[in-house]
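Following: one structure in structure tokens, then a few remarks.
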Amino acid sequence: MAQPGSAYPMEKTEQKPETHTMSVLVDNEPGVLARVIGLFSGRGYNIESLTVSETEHEAHLSRITIVTTGTPMVIEQIQHQLERLVPIHSVTDLTVSGNPIERELALLKVAGKGEKRVEALSLAEAFHAEIIDSSTEHFVFEITGEQSRIEEFIALMQPLGLVEVCRTGLAAIARGSERM
């Protein structure tokens with residue numbers, strides 16, 4: 001029987017899938033992201049969230065934050081396979097290193113009139129979401145926070161006229177004074 005998160009058959013184990021956030025420091029050069037994505041797709045691993053940005057301009061380094069799910073054995077395989085890719089400087093499993101700070105940004109377009117409009121504005125205020133565009137027919141809200149908080153806000157906006165959602169993906173950093 002195949003394990004969740006892997007395209008390769010393995011012995012059946014009682015390990016349950018876990019969600020892990022990994023931070024990968026790479027050279028900022030063409031093709032690096034394609035190689036990392038290729039590693040995941042070639043082995044049948046899923047990426048739940050992916051963010052990439054240059055973080056050290058002078059050193060030409062980028063940080064890739066990947067959220068993936070698998071058994072502990074699959075997560076360990078992913079980490080080891082990432083570490084073997086040539087343009088990668090370091091791989092840190094932020095979930096293992098301990099309680100990382102994780103945030104995401106989402107934009108929500110909500111169309112509504114009357115009481116639904118008033119309720120959407122009230123919920124946005126309660127969630128500290130900013131109005132970044134509005135007309136008499138719609139609002140665009142910006143909300144930043146933990147993924148669970150954003151999911152809750154989206155669910156509450158659904159019956160009030162949610163039209164569209166755009167999310168950035170997770171940004172995460174380890175706690176403490178040490179560098180990745």
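Ligands are numbered from 1 in the order shown, residues from 1 within each chain, and chains are lettered A, B, ... in the order they appear in the structure tokens.
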Using only C-alpha atoms, I'd like a table of the residues in range 71-170 of chain A that come within 8 Å of range 16-30 of chain A; for each, show the closest atom pair and its distance in Å rounded to one decimal, ordered by chain and ascending number, as JSON lines.
```
{"residue": "A:Thr71", "atom": "CA", "partner": "A:Pro17", "partner_atom": "CA", "distance": 4.2}
{"residue": "A:Pro72", "atom": "CA", "partner": "A:Glu18", "partner_atom": "CA", "distance": 7.0}
{"residue": "A:Ile75", "atom": "CA", "partner": "A:His20", "partner_atom": "CA", "distance": 7.5}
{"residue": "A:Pro87", "atom": "CA", "partner": "A:Asp27", "partner_atom": "CA", "distance": 5.5}
{"residue": "A:Ile88", "atom": "CA", "partner": "A:Val26", "partner_atom": "CA", "distance": 4.4}
{"residue": "A:His89", "atom": "CA", "partner": "A:Leu25", "partner_atom": "CA", "distance": 5.4}
{"residue": "A:Ser90", "atom": "CA", "partner": "A:Leu25", "partner_atom": "CA", "distance": 5.3}
{"residue": "A:Val91", "atom": "CA", "partner": "A:Val24", "partner_atom": "CA", "distance": 4.6}
{"residue": "A:Thr92", "atom": "CA", "partner": "A:Ser23", "partner_atom": "CA", "distance": 5.2}
{"residue": "A:Asp93", "atom": "CA", "partner": "A:Met22", "partner_atom": "CA", "distance": 4.4}
{"residue": "A:Leu94", "atom": "CA", "partner": "A:Met22", "partner_atom": "CA", "distance": 5.5}
{"residue": "A:Thr95", "atom": "CA", "partner": "A:His20", "partner_atom": "CA", "distance": 5.4}
{"residue": "A:Val96", "atom": "CA", "partner": "A:His20", "partner_atom": "CA", "distance": 8.0}
```
Problem set entry | strand (DSSP E or B) residues, from DSSP on the backbone, in range 62-136 of chain A, as a ChimeraX atom specification | /A:62-70,88-93,101-111,130-134
Seminar exercise, completed: Separating CA of Leu61 in chain A from CA of Arg167 in chain A, to the nearest tenth of an Å, is a gap of 23.9 Å
For this session: Mind checking which residues fall within 8 Å of Glu146 in chain A, counting only C-alpha atoms, ignoring those fewer than 4 positions away in the same chain, and posting them as number ranges by chain?
Result: A: 102-104, 150
Problem set entry | Residue set, range 38-162 of chain A restricted to helix (DSSP H, G or I), as a PyMOL selection string | chain A and resi 38-42+72-84+94-97+114-126+147-160
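Of the residues listed (A:Gly38, A:Gly161, A:Gly44, A:Gly176), A:Gly176 shows the shortest atom-to-atom separation from Gly98 in chain A; distances use only C-alpha atoms.
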Problem set entry | 12 Å contact set for Ser135 in chain A, only C-alpha atoms, chain neighbours under 5 positions out, as JSON, numbers by chain | {"A": [109, 110, 111, 112, 113, 117, 140]}
